[in-house]
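Reviewing the structure listed below.
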Amino acid sequence: AMALFDSKNVLGKNITQNNNRARVVTAVIKDVPAASTLQFDAIIPFNMSADWIQNAMTDWVNCNNRVYFKVKDGVVIPQLEKKMIQLIKDNTGSENPNTRGNIIMHPMSKWRLYGEFRDGKNTGGRIQYVNLFTWIAVIILLIACVNFMNLSTARSEKRAREVGIRKTLGSDKSQLLIQFIAESMIMSTLAFLFAALTVYLCLPSFNNLLDQEISIPFGNMNLWLSAAAIILFTGIIAGSYPAFYLSSMKPIKVLKGVFTPGKNALLPRKILVTAQFTVSIVLISATLVIYQQIKFVQSRDLGYSTDNLIMTNSSEDLDNNYIVYKNSLLQTGFVESVNRTTAPISSIFGFTSGVRWTGAPADPNLIIGFLGTDEGFIDIMKARILEGRDFQPGDTNCVLFNKEAIRVMGIKNPVGNTINWAGRDRRIVGVVDNMIMESPYSAATPLMFTYSNDRLGQINIRLKEGTQLQKALSNIEALSKKYNPRFPFEYRFADTEFQNKFANEQLIESLGFIFAGLAIFVCCLGLFGLVSFSIERRSKEIGIRKVMGASITNLLALMSKEFLLLVSISFVVAIPIAWWAMNDWLTNFSYRINIGLGLFIITGIITLLICMITVSLNAFATATANPIKSLRTE
């Protein structure tokens, strides 16, 4: 309403649809959220739509419309699905209900998160990624809690004297426990406040990444209750072990300065750090697999060229003046060829199970996609003709099939054969190589291209190589205004439409990089804590070695090798997990990569470098310190 009239008060206003259908505005609807399954600019009744849309209401082999039902309370959905299948059989004469696909009734509320099906069964959808990243967030939080424990206990010697003095003055274990748990709760609260501020500041960027409009519901009591629960959980988990560890110290030993951590205190920390790096290596490997899969599919041969190809909507004026409009475009010197289709070439117009041919089984059980076009289709798309020829003027009852359609139909020597569809016999004049027009991750769809010189809906314009884009668009816009004065010139690039098909996977990739980065950062903190704890236990040994002439390089190697071993163990454990998980993810795609060894080698090198830097930063300070400080008590 705002775009057309610059006002919301438009009830009773008149508009013209496609330059030939008068419409009256009867309602204004609130903007649909971007997350909604139903997206539209306007709603038009079926009985006021184009004839071919109205005909779909009574066409039992038309698969282009989605049907919505509001069922009564108590209805058993599986029984209703069976009745619908029987209804289709009764009206199509089909003995095989799978010919038209399975009838699946799915709650509207679940389409967003549970919208994927396989073999007639719901297999999840976006909810899988929601659950995945939720679990990753929980794991990172637990890793952070463990790191807090390690860092607290690693620096225990600095608080040992405080514990000894307080116990000597009469403090019991419970008082010390309360103190250390309270300190942990304060740290947890401060961390939450810092995290909340970070989320608030990063929310605009996060919304851009997700292409959503997420806001923080500060007035929602559940938010604050959840926040309190997270603070309480984190504070108790992170503070419990350090509290028990510190409160259990013997005051006599610590006041004499002879307190040292137990011999077995290092083992659980090593196990935890190994587990942390295992998770990080899995995340890094998974992110690299997603990145490689996207790049692999982006380089896929589509069977046609998207370069320099512009798509724009047609109209009644453009249809009436199409020949002169087309010739005018070609005369600009910027345009190589022009063609029309019933849908953008980045999608398929519709699907049908009504194609019949000589030698076909009584019930072919085959659904074929179809797209209407006029002459010059193969030329403008730069597709490859395998047999026969492209469409020519006057090919009204002619069709082209792609290679996949001919394969599944089993037609030998197809050119010249006749098929029947939509009540008419049509002659096959050519076979074109497979063209990927829907999901680039899927196998080639069987396709039929039908000839029409009527109103097709889309105009495709191929620009010449090396054309100055802005000049070309200015010329095309001027001609469009001349022959289509009542509509603005709106266009889309075919290559951009193709790249948009990767949005979901690219989002997962971006989130994967973010979570992998967080996991590595938190793991480095854990490793730093473990190194600190180990150095504290071995401070006198390191001092003696230095006095005996050990070089800084030797000391760094001594302190680093056990941690590099831990990371190596993490690598050995993580690789099979990552390989299994990502192979399972790749089964969702017909066109996919094979996970190679090189990917894991890259992951291992990245992890080892991060480990070496983290260890060296801590160990170098100890290796260069004055040994007298660590040997003073001897």
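To be explicit about the labels: the chains of the structure tokens are called A, B, and onward in the order shown, and within each one the residues are counted from 1, while ligands get numbers from 1 in the order they are shown.
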* To do: Check range 336-527 of chain A with DSSP on the backbone and list each residue it calls helix (DSSP H, G or I), as an MDAnalysis selection string.
  => chainID A and resid 377:381 403:409 469:483 494:500 503:527
* To do: Please identify all polymer residues within 10 Å of Ile508 in chain A, counting only C-alpha atoms, omitting same-chain residues fewer than 4 positions from it, and present them as a ChimeraX atom specification.
  => /A:129,133,210,287,290-291,503-504,512-514
* Asked: Contacts of Pro33 in chain A at 9 Å or less, counting only C-alpha atoms, minus same-chain residues fewer than 4 places along, as a ChimeraX atom specification?
  -> /A:39,212-213
Atoms kept (C-alpha atoms) for selection, written as an mmCIF file, in the first residue's frame:
```cif
data_model
loop_
_atom_site.group_PDB
_atom_site.id
_atom_site.type_symbol
_atom_site.label_atom_id
_atom_site.label_comp_id
_atom_site.auth_asym_id
_atom_site.auth_seq_id
_atom_site.Cartn_x
_atom_site.Cartn_y
_atom_site.Cartn_z
ATOM 1 C CA GLN A 39 5.160 -14.483 1.755
ATOM 2 C CA GLN A 212 15.755 -11.653 10.266
ATOM 3 C CA GLU A 213 14.414 -9.067 12.699
#
```
* To do: Mind checking which residues fall within 7 Å of range 299-308 of chain A, counting only C-alpha atoms, ignoring those fewer than 5 positions away in the same chain, and posting them as a PyMOL selection string?
  => chain A and resi 381-384+433-436+462-463+494-495
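Using only C-alpha atoms, the residues found no farther than 7 Å from range 172-177 of chain A, other than those of its own chain fewer than 6 positions away, are Ala243, Phe244 and Ser247 of chain A.
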* In Å, rounded to a single decimal, give me how far CA of Tyr591 in chain A is from CA of Ile294 in chain A. => 10.5 Å
* Residue neighbourhood Phe528 in chain A, 7 Å, only C-alpha atoms, exclusion window fewer than 2 positions, as an MDAnalysis selection string -> chainID A and resid 524:526 530:532 614:615 618
* Tell me, as a VMD selection string, which residues lie within 7 Å of range 322-328 of chain A, counting only C-alpha atoms; anything in the same chain fewer than 4 positions away does not count. => chain A and resid 318 332 338 483
Residues of the last selection are to be written out with C-alpha atoms, as a short mmCIF file (atom, residue, chain, number, x, y, z; two decimals), in the first residue's frame.
```cif
data_model
loop_
_atom_site.label_atom_id
_atom_site.label_comp_id
_atom_site.auth_asym_id
_atom_site.auth_seq_id
_atom_site.Cartn_x
_atom_site.Cartn_y
_atom_site.Cartn_z
CA LEU A 318 5.26 -5.68 -23.55
CA THR A 332 21.06 -1.00 -28.97
CA VAL A 338 16.18 -11.95 -26.20
CA TYR A 483 6.85 0.17 -24.50
#
```
* Could you tell me which of A:Pro204, A:Pro107, A:Gly529, A:Gly596 comes closest to Arg269 in chain A if we count only C-alpha atoms? => A:Gly529
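For the choices A:Ala50, A:Ile577, A:Val76, A:Val146, the atom-to-atom distance to Arg455 in chain A is smallest for A:Ala50 when using only C-alpha atoms.
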